[in-house]
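Each remark here refers to the structure printed beneath this line.
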2 protein chains.
Amino acid sequence: MNCLFVIMGASGDLTKKKLIPAIYHLLKNKEIQNFAIIGISRQDFTTDSLIKFYKPYVKNSDPKIWDEIKKRIYYFKADFNEDKKFHELAVLMKKTESKHNLSGNRLFYLATLPEHFELIAHQLSKHKLAPQNKTWSRVVFEKPFGNDLKSAIKLNNCLKRVFKEDQIYRIDHYLGKELVQNISILRFTNTILEPLWNRKYIDHVQIAISEDIGVEQRGGFYDKYGALKDVIQNHSLQLLALTTMESPKHLTEKHIRDEKVKVLKSTKVKDVSLGQYNGYLKEPKVPKNSKTETFAALKLNVNNDRWKNVPFYLVTGKFMKEKLASIYVEFKKTPGLMFENVYDYPSNFLAIQVQPEEGFYVQINSKSPRTMDIIPINMDFCHSCKFGPNTPEAYETLLFDVLKGDQSAFIRSDEIEEAWKIIDKIKKPKIQTYKKRGIPNSAKKLIKKDGKQWHLTINYLSKSNGNG
Amino acid sequence: MNCLFVIMGASGDLTKKKLIPAIYHLLKNKEIQNFAIIGISRQDFTTDSLIKFYKPYVKNSDPKIWDEIKKRIYYFKADFNEDKKFHELAVLMKKTESKHNLSGNRLFYLATLPEHFELIAHQLSKHKLAPQNKTWSRVVFEKPFGNDLKSAIKLNNCLKRVFKEDQIYRIDHYLGKELVQNISILRFTNTILEPLWNRKYIDHVQIAISEDIGVEQRGGFYDKYGALKDVIQNHSLQLLALTTMESPKHLTEKHIRDEKVKVLKSTKVKDVSLGQYNGYLKEPKVPKNSKTETFAALKLNVNNDRWKNVPFYLVTGKFMKEKLASIYVEFKKTPGLMFENVYDYPSNFLAIQVQPEEGFYVQINSKSPRTMDIIPINMDFCHSCKFGPNTPEAYETLLFDVLKGDQSAFIRSDEIEEAWKIIDKIKKPKIQTYKKRGIPNSAKKLIKKDGKQWHLTINYLSKSNGNG
């Protein structure tokens, strides 16, 4: 495997915090053998100062591996408007490929603000920097994938003028997380789950992505999007699609993405609650009269045979009680006729915890010692206890997928567009203010109406040693 | 709760090792308030020497509670043949009840050899020691419940002349074990098990009761019975009945026992392997030409809608690899079409471990980090980790049930008879010798023919700390 990484936005947070550490681990794990990195930005770096700038972000690095990386980093200062700079870049890329014996595979990582994507795509096309002959050129970027359906289509079309869909890797880093990649294996290889995964046995599903902090320094960016566009449109709906999709014909990119699109097309929003945390308007760079939501709770239906009448609740927010990303699947109760008029007992549930600790657990009913009382107990599998925390990091997994040309964990243009259709149709209710560490009253009501309650603090894996 | 315990066989192993400690715990846990114990045997004890004889078997006893018990024990020397002794016993019982303000509830525990049961029943009847008016009289005893169907019917009839069925408590101490009492709650209150508990999803079931020692000093007794009559007829078939029975109308004695009888009536033995461990013929008191089996493996079918074509394997033996009692339920695989020609993966299973450690665990499939490989992982609930080891002891649970008059964990006469019908019909194959810590070749073949393998060393709970 060999490749030239061309990183647009080399001085940004994403590059230093995620991409450089990911490339380090790819090399360490021998997932890449030969490569070079050209880092591009408008800042006043030199190659040496860029290397020094990156170093602290590769924690506890092996000096031998870091030396290998150092030899392969090149800084290139440019404004994406400057035509002649792209001419120079073409020369540098050729030279670098020749120096490091690279065969011509090129990975363009757009680690810039999204408003530059169109311009960059134009320049890459004009200067023929992304050829696709015997070697490959691939472009990688992240959300926001537009701001609504219209802008998303515009962005998709602009990229498609330069790249074919099979060259475009839209990252949702949640799809690189171990427990998210595990959903299909859990669902489809386990007899204790597969036959139960439908409206007959599942009562409802909650997909929570909560943060325990506010917007911090990102208020200026965040305020343009808000919770629906920043999280629900991408992460939450992707988790929903993986949880609800039909069994794909094969676990390969085309079939998985076909099934996700299909289920998104059947998904309708039934109820919405929006909130803004108390104090948001005083955050740096947030307009004093902002109507942007920092919290969203949705009730959705998936209108197909499998899921008719099963409510799906998506919830996300800043300044909630715990940092947590989880999929909570509550099962209906058994008939339990023999306990009639005597016992009630809790429902079984499966919780797939994506972060902070990774793992999953099942709550089932058991007998209490000495009596025939029924008590809920937990059976858990702590992924991080067994395999170490966050092993491997999502970005390492995803970059490795790009190198291999496996698009199954990346989002296709039609998925983006279907997700925007869902979001664009939402009739926004009045935004309620909520206390930090709380949720809006309207969100409490949204689920209480259905006789259910939020599970936003289940965090069982972190609170146990694994023993019941 | 008050009661006079009349223990026939007061100097035996059962009394000192199980009954006295159970009574101690009943008192300690305030499950009994007022009582007295009359211990009867042919040995030369006095009340004082009997108390001293019992003391070491109540480990770490609380002196206050032991003092309470000491004050309430009376020794009575008698041969069950001696008519006049029973006359004296009647007087002692009255006197003791009067002294301790007991209301007349009497619990007769036949902790003697079974050949005395008939005589004792006759004497109790003749001397009117077991009246059932405003107070109750109950009789408790253990296997062997006869030696075959004919002798079992004879014993049942003899007891029924003195006691009604609702006064007769046949103990199978396995039914007092926490994890056995848990089977119905696990099966019927959990949606992740209840809909799967049938031929559509269960591939096969193995019920193993293995010992890692030989007959030791019990060779004389054991040789008259063997593995089929000593274990399969009672413990193994009871576990089978609880695992396979239909949902009882209520979880009460009549309905549970009705369902167990019904499923035993549908049970047929399809294949048998018998073995004798190498060295058995040299054990003390074992006849040198004994043809008694110390190992038995059976394949059975339960011919009803729920279980048609699902094989059940029962296995028990002396000198096997591990001391273990467990119910292993293997599920069929999911269709897993999307993995076609790519992956195979293990089956899910549930193992209910009755001893030595108590608990249950499920093996399911998960994703291996870094790859999409499917690996089996364990999710366990360690009962003893949570509730302490063997809490409470089976005999405490069962004696408390007798005091309360709850027969659900005791075996009814028709259950005994149905179980004997199954055993009596077995055509015994030639007994194979097997090495200590092994099993006979014929037992290996019995299950291999069906493309399956024994799970006789699963003992997951003892080998983990509960983390996957």
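By order in the structure tokens, chains are A, B, ...; within a chain, residues start at 1; ligands start at 1, following the order shown.
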
Which residues of chain B are close to chain A, meaning at most 7 Å apart when you count only C-alpha atoms, and how do they look as a PDB file with C-alpha atoms, in the first residue's frame?
ATOM      1  CA  GLU B 178     -31.171 -21.250  43.236  1.00  0.00           C
ATOM      2  CA  ASN B 182     -34.558 -19.687  38.380  1.00  0.00           C
ATOM      3  CA  ILE B 185     -38.232 -17.088  35.618  1.00  0.00           C
ATOM      4  CA  LEU B 186     -35.447 -17.027  33.031  1.00  0.00           C
ATOM      5  CA  PHE B 188     -40.878 -17.075  30.930  1.00  0.00           C
ATOM      6  CA  THR B 189     -40.073 -13.470  31.844  1.00  0.00           C
ATOM      7  CA  ASN B 190     -37.366 -12.723  29.263  1.00  0.00           C
ATOM      8  CA  THR B 191     -38.193 -11.727  25.707  1.00  0.00           C
ATOM      9  CA  ILE B 192     -34.659 -12.510  24.631  1.00  0.00           C
ATOM     10  CA  GLU B 194     -39.062 -16.922  25.628  1.00  0.00           C
ATOM     11  CA  PRO B 248     -47.816 -23.491  33.544  1.00  0.00           C
ATOM     12  CA  LYS B 249     -51.081 -21.674  34.060  1.00  0.00           C
ATOM     13  CA  HIS B 250     -49.689 -20.330  37.324  1.00  0.00           C
ATOM     14  CA  LEU B 251     -46.323 -20.793  38.958  1.00  0.00           C
ATOM     15  CA  PHE B 331     -29.269 -22.127  19.418  1.00  0.00           C
ATOM     16  CA  LYS B 332     -29.478 -22.679  15.694  1.00  0.00           C
ATOM     17  CA  LYS B 333     -27.551 -20.203  13.583  1.00  0.00           C
ATOM     18  CA  THR B 334     -29.105 -17.171  11.952  1.00  0.00           C
ATOM     19  CA  GLY B 336     -26.491 -15.003   7.917  1.00  0.00           C
ATOM     20  CA  LEU B 337     -26.942 -14.718   4.180  1.00  0.00           C
ATOM     21  CA  MET B 338     -24.832 -11.602   3.878  1.00  0.00           C
ATOM     22  CA  PHE B 339     -21.822 -13.586   5.045  1.00  0.00           C
ATOM     23  CA  ASN B 348     -25.133 -18.729  20.310  1.00  0.00           C
ATOM     24  CA  ILE B 364     -22.861 -14.377  21.290  1.00  0.00           C
ATOM     25  CA  ASN B 365     -20.975 -13.164  18.246  1.00  0.00           C
ATOM     26  CA  SER B 366     -19.275  -9.832  18.019  1.00  0.00           C
ATOM     27  CA  LYS B 367     -16.837  -8.005  15.798  1.00  0.00           C
ATOM     28  CA  PRO B 369     -11.335  -5.007  16.561  1.00  0.00           C
ATOM     29  CA  ARG B 370      -9.666  -3.772  13.340  1.00  0.00           C
ATOM     30  CA  MET B 379     -21.842 -12.212  28.557  1.00  0.00           C
ATOM     31  CA  ASP B 380     -22.286 -13.642  32.003  1.00  0.00           C
ATOM     32  CA  PHE B 381     -24.236 -13.224  35.144  1.00  0.00           C
ATOM     33  CA  CYS B 382     -22.383 -14.643  38.083  1.00  0.00           C
ATOM     34  CA  CYS B 385     -20.485 -13.097  42.657  1.00  0.00           C
ATOM     35  CA  LYS B 386     -23.557 -10.987  43.291  1.00  0.00           C
ATOM     36  CA  THR B 391     -27.225 -18.554  49.079  1.00  0.00           C
ATOM     37  CA  PRO B 392     -29.348 -20.031  50.528  1.00  0.00           C
ATOM     38  CA  THR B 397     -35.041 -23.379  50.938  1.00  0.00           C
ATOM     39  CA  GLY B 466     -17.013 -11.558  34.618  1.00  0.00           C
ATOM     40  CA  ASN B 467     -15.533  -9.405  31.920  1.00  0.00           C
ATOM     41  CA  GLY B 468     -16.188 -11.104  28.633  1.00  0.00           C
TER      42      GLY B 468
END

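The list of residues with at least one atom within 10 Å of Val286 of chain B, based on only C-alpha atoms and without residues fewer than 5 positions apart in the same chain, reads Val215, Gln217, Arg218, Gly219, Gly220, Phe221, Tyr222, Asp223, Lys224, Tyr280, Leu281 and Thr292 of chain B.
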
Output the selection as an mmCIF file, in the first residue's frame - all heavy atoms for each residue.
data_model
loop_
_atom_site.group_PDB
_atom_site.id
_atom_site.type_symbol
_atom_site.label_atom_id
_atom_site.label_comp_id
_atom_site.auth_asym_id
_atom_site.auth_seq_id
_atom_site.Cartn_x
_atom_site.Cartn_y
_atom_site.Cartn_z
ATOM 1 N N VAL B 215 -16.994 -43.531 43.751
ATOM 2 C CA VAL B 215 -18.047 -43.816 44.735
ATOM 3 C C VAL B 215 -17.539 -43.701 46.168
ATOM 4 O O VAL B 215 -18.329 -43.680 47.111
ATOM 5 C CB VAL B 215 -18.684 -45.211 44.529
ATOM 6 C CG1 VAL B 215 -19.469 -45.255 43.226
ATOM 7 C CG2 VAL B 215 -17.637 -46.318 44.574
ATOM 8 N N GLN B 217 -16.706 -44.206 49.742
ATOM 9 C CA GLN B 217 -17.167 -45.210 50.718
ATOM 10 C C GLN B 217 -18.603 -45.682 50.461
ATOM 11 O O GLN B 217 -19.132 -46.527 51.184
ATOM 12 C CB GLN B 217 -17.069 -44.643 52.147
ATOM 13 C CG GLN B 217 -15.648 -44.243 52.554
ATOM 14 C CD GLN B 217 -14.614 -45.331 52.247
ATOM 15 O OE1 GLN B 217 -14.786 -46.500 52.610
ATOM 16 N NE2 GLN B 217 -13.538 -44.962 51.557
ATOM 17 N N ARG B 218 -19.240 -45.131 49.416
ATOM 18 C CA ARG B 218 -20.650 -45.434 49.194
ATOM 19 C C ARG B 218 -20.874 -46.572 48.182
ATOM 20 O O ARG B 218 -21.992 -46.788 47.709
ATOM 21 C CB ARG B 218 -21.401 -44.173 48.713
ATOM 22 C CG ARG B 218 -21.576 -43.110 49.784
ATOM 23 C CD ARG B 218 -22.299 -41.881 49.240
ATOM 24 N NE ARG B 218 -23.698 -42.128 48.918
ATOM 25 C CZ ARG B 218 -24.225 -42.047 47.686
ATOM 26 N NH1 ARG B 218 -23.469 -41.750 46.650
ATOM 27 N NH2 ARG B 218 -25.516 -42.292 47.492
ATOM 28 N N GLY B 219 -19.820 -47.324 47.881
ATOM 29 C CA GLY B 219 -19.903 -48.362 46.852
ATOM 30 C C GLY B 219 -20.997 -49.393 47.098
ATOM 31 O O GLY B 219 -21.677 -49.816 46.164
ATOM 32 N N GLY B 220 -21.190 -49.770 48.345
ATOM 33 C CA GLY B 220 -22.195 -50.778 48.666
ATOM 34 C C GLY B 220 -23.590 -50.313 48.296
ATOM 35 O O GLY B 220 -24.357 -51.034 47.657
ATOM 36 N N PHE B 221 -23.910 -49.082 48.678
ATOM 37 C CA PHE B 221 -25.211 -48.505 48.327
ATOM 38 C C PHE B 221 -25.315 -48.252 46.829
ATOM 39 O O PHE B 221 -26.268 -48.656 46.167
ATOM 40 C CB PHE B 221 -25.414 -47.189 49.095
ATOM 41 C CG PHE B 221 -26.609 -46.415 48.642
ATOM 42 C CD1 PHE B 221 -27.879 -46.694 49.155
ATOM 43 C CD2 PHE B 221 -26.494 -45.406 47.682
ATOM 44 C CE1 PHE B 221 -28.992 -45.979 48.716
ATOM 45 C CE2 PHE B 221 -27.595 -44.689 47.252
ATOM 46 C CZ PHE B 221 -28.849 -44.982 47.763
ATOM 47 N N TYR B 222 -24.289 -47.594 46.295
ATOM 48 C CA TYR B 222 -24.328 -47.142 44.898
ATOM 49 C C TYR B 222 -24.508 -48.309 43.941
ATOM 50 O O TYR B 222 -25.241 -48.203 42.950
ATOM 51 C CB TYR B 222 -23.041 -46.381 44.559
ATOM 52 C CG TYR B 222 -23.075 -45.749 43.184
ATOM 53 C CD1 TYR B 222 -23.630 -44.487 42.987
ATOM 54 C CD2 TYR B 222 -22.579 -46.422 42.059
ATOM 55 C CE1 TYR B 222 -23.685 -43.912 41.734
ATOM 56 C CE2 TYR B 222 -22.630 -45.853 40.797
ATOM 57 C CZ TYR B 222 -23.178 -44.595 40.647
ATOM 58 O OH TYR B 222 -23.235 -44.036 39.395
ATOM 59 N N ASP B 223 -23.839 -49.418 44.247
ATOM 60 C CA ASP B 223 -23.850 -50.531 43.297
ATOM 61 C C ASP B 223 -25.257 -51.089 43.057
ATOM 62 O O ASP B 223 -25.514 -51.698 42.029
ATOM 63 C CB ASP B 223 -22.902 -51.633 43.754
ATOM 64 C CG ASP B 223 -22.590 -52.583 42.604
ATOM 65 O OD1 ASP B 223 -21.885 -52.151 41.672
ATOM 66 O OD2 ASP B 223 -23.117 -53.712 42.620
ATOM 67 N N LYS B 224 -26.153 -50.882 44.017
ATOM 68 C CA LYS B 224 -27.525 -51.360 43.819
ATOM 69 C C LYS B 224 -28.303 -50.474 42.836
ATOM 70 O O LYS B 224 -29.368 -50.843 42.367
ATOM 71 C CB LYS B 224 -28.274 -51.344 45.152
ATOM 72 C CG LYS B 224 -27.848 -52.427 46.104
ATOM 73 C CD LYS B 224 -28.704 -52.373 47.358
ATOM 74 C CE LYS B 224 -27.865 -52.717 48.582
ATOM 75 N NZ LYS B 224 -28.358 -52.100 49.800
ATOM 76 N N TYR B 280 -13.430 -49.262 39.335
ATOM 77 C CA TYR B 280 -14.668 -49.327 40.124
ATOM 78 C C TYR B 280 -14.794 -50.667 40.847
ATOM 79 O O TYR B 280 -15.202 -50.726 42.013
ATOM 80 C CB TYR B 280 -15.879 -49.110 39.215
ATOM 81 C CG TYR B 280 -17.223 -49.287 39.913
ATOM 82 C CD1 TYR B 280 -17.666 -48.349 40.843
ATOM 83 C CD2 TYR B 280 -18.038 -50.392 39.658
ATOM 84 C CE1 TYR B 280 -18.892 -48.504 41.492
ATOM 85 C CE2 TYR B 280 -19.262 -50.557 40.301
ATOM 86 C CZ TYR B 280 -19.679 -49.611 41.222
ATOM 87 O OH TYR B 280 -20.881 -49.769 41.861
ATOM 88 N N LEU B 281 -14.394 -51.757 40.165
ATOM 89 C CA LEU B 281 -14.557 -53.101 40.747
ATOM 90 C C LEU B 281 -13.667 -53.311 41.970
ATOM 91 O O LEU B 281 -13.880 -54.226 42.755
ATOM 92 C CB LEU B 281 -14.271 -54.166 39.683
ATOM 93 C CG LEU B 281 -15.237 -54.126 38.479
ATOM 94 C CD1 LEU B 281 -14.862 -55.195 37.450
ATOM 95 C CD2 LEU B 281 -16.689 -54.324 38.942
ATOM 96 N N THR B 292 -22.759 -52.716 37.285
ATOM 97 C CA THR B 292 -23.412 -51.418 37.517
ATOM 98 C C THR B 292 -22.685 -50.311 36.766
ATOM 99 O O THR B 292 -21.460 -50.247 36.800
ATOM 100 C CB THR B 292 -23.420 -51.112 39.029
ATOM 101 O OG1 THR B 292 -24.173 -52.128 39.683
ATOM 102 C CG2 THR B 292 -24.040 -49.737 39.308
#

Legend entry - Within 12 Å of Leu19 of chain B using only C-alpha atoms, minus same-chain residues under 5 positions, as a PyMOL selection string: chain B and resi 5-14+24-26+37+39+54+57-58+109-111+140-141+173+393-400

Legend entry - Straight-line distance linking atom CA of Glu415 of chain B with atom CA of Val269 of chain B, stated in Å to one decimal: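 Between these atoms lies a distance of 16.6 Å.
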
Inset, instruction - Would you return as a ChimeraX atom specification the members of segment 300-435 of chain B that DSSP assigns to strand (DSSP E or B) on this structure's backbone? - result: /B:300-302,312-317,324-331,349-355,359-367,374-382,410,432-434

Legend entry - Å distance separating atom CA of Gly279 of chain A from atom CA of His235 of chain A, one decimal place: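 Distance reported for this atom pair: 25.5 Å.
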
Inset, instruction - May I have all residues of segment 220-385 of chain B that DSSP, computed from the backbone, assigns to helix (DSSP H, G or I), given as a ChimeraX atom specification? - result: /B:220-222,226-244,253-265,280-282,337-339,383-385

Could you please take those selected residues and save C-alpha atoms as a PDB file, in the first residue's frame?
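Output (again25.pdb):
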ATOM      1  CA  GLY B 220     -22.195 -50.778  48.666  1.00  0.00           C
ATOM      2  CA  PHE B 221     -25.211 -48.505  48.327  1.00  0.00           C
ATOM      3  CA  TYR B 222     -24.328 -47.142  44.898  1.00  0.00           C
ATOM      4  CA  GLY B 226     -25.971 -47.009  39.270  1.00  0.00           C
ATOM      5  CA  ALA B 227     -25.971 -43.788  37.305  1.00  0.00           C
ATOM      6  CA  LEU B 228     -29.348 -44.231  35.603  1.00  0.00           C
ATOM      7  CA  LYS B 229     -31.264 -44.765  38.835  1.00  0.00           C
ATOM      8  CA  ASP B 230     -29.108 -42.600  41.101  1.00  0.00           C
ATOM      9  CA  VAL B 231     -29.041 -39.465  38.939  1.00  0.00           C
ATOM     10  CA  ILE B 232     -30.829 -39.688  35.582  1.00  0.00           C
ATOM     11  CA  GLN B 233     -34.174 -40.914  36.966  1.00  0.00           C
ATOM     12  CA  ASN B 234     -34.432 -38.003  39.375  1.00  0.00           C
ATOM     13  CA  HIS B 235     -32.098 -34.999  39.011  1.00  0.00           C
ATOM     14  CA  SER B 236     -31.532 -35.175  35.237  1.00  0.00           C
ATOM     15  CA  LEU B 237     -35.148 -35.807  34.286  1.00  0.00           C
ATOM     16  CA  GLN B 238     -36.320 -33.083  36.658  1.00  0.00           C
ATOM     17  CA  LEU B 239     -33.954 -30.585  35.011  1.00  0.00           C
ATOM     18  CA  LEU B 240     -35.180 -31.787  31.618  1.00  0.00           C
ATOM     19  CA  ALA B 241     -38.805 -31.339  32.656  1.00  0.00           C
ATOM     20  CA  LEU B 242     -38.216 -27.781  33.923  1.00  0.00           C
ATOM     21  CA  THR B 243     -36.325 -26.925  30.735  1.00  0.00           C
ATOM     22  CA  THR B 244     -38.950 -28.306  28.384  1.00  0.00           C
ATOM     23  CA  GLU B 253     -47.352 -26.486  42.752  1.00  0.00           C
ATOM     24  CA  LYS B 254     -50.277 -28.084  40.957  1.00  0.00           C
ATOM     25  CA  HIS B 255     -49.702 -26.354  37.617  1.00  0.00           C
ATOM     26  CA  ILE B 256     -45.916 -26.790  37.568  1.00  0.00           C
ATOM     27  CA  ARG B 257     -46.166 -30.471  38.463  1.00  0.00           C
ATOM     28  CA  ASP B 258     -48.952 -31.027  35.933  1.00  0.00           C
ATOM     29  CA  GLU B 259     -46.756 -29.565  33.182  1.00  0.00           C
ATOM     30  CA  LYS B 260     -43.717 -31.594  34.253  1.00  0.00           C
ATOM     31  CA  VAL B 261     -45.728 -34.820  34.164  1.00  0.00           C
ATOM     32  CA  LYS B 262     -47.105 -33.914  30.757  1.00  0.00           C
ATOM     33  CA  VAL B 263     -43.686 -33.349  29.230  1.00  0.00           C
ATOM     34  CA  LEU B 264     -42.217 -36.481  30.848  1.00  0.00           C
ATOM     35  CA  LYS B 265     -45.019 -38.466  29.210  1.00  0.00           C
ATOM     36  CA  TYR B 280     -14.668 -49.327  40.124  1.00  0.00           C
ATOM     37  CA  LEU B 281     -14.557 -53.101  40.747  1.00  0.00           C
ATOM     38  CA  LYS B 282     -11.794 -52.556  43.305  1.00  0.00           C
ATOM     39  CA  LEU B 337     -26.942 -14.718   4.180  1.00  0.00           C
ATOM     40  CA  MET B 338     -24.832 -11.602   3.878  1.00  0.00           C
ATOM     41  CA  PHE B 339     -21.822 -13.586   5.045  1.00  0.00           C
ATOM     42  CA  HIS B 383     -25.019 -15.371  40.693  1.00  0.00           C
ATOM     43  CA  SER B 384     -22.528 -16.246  43.400  1.00  0.00           C
ATOM     44  CA  CYS B 385     -20.485 -13.097  42.657  1.00  0.00           C
TER      45      CYS B 385
END
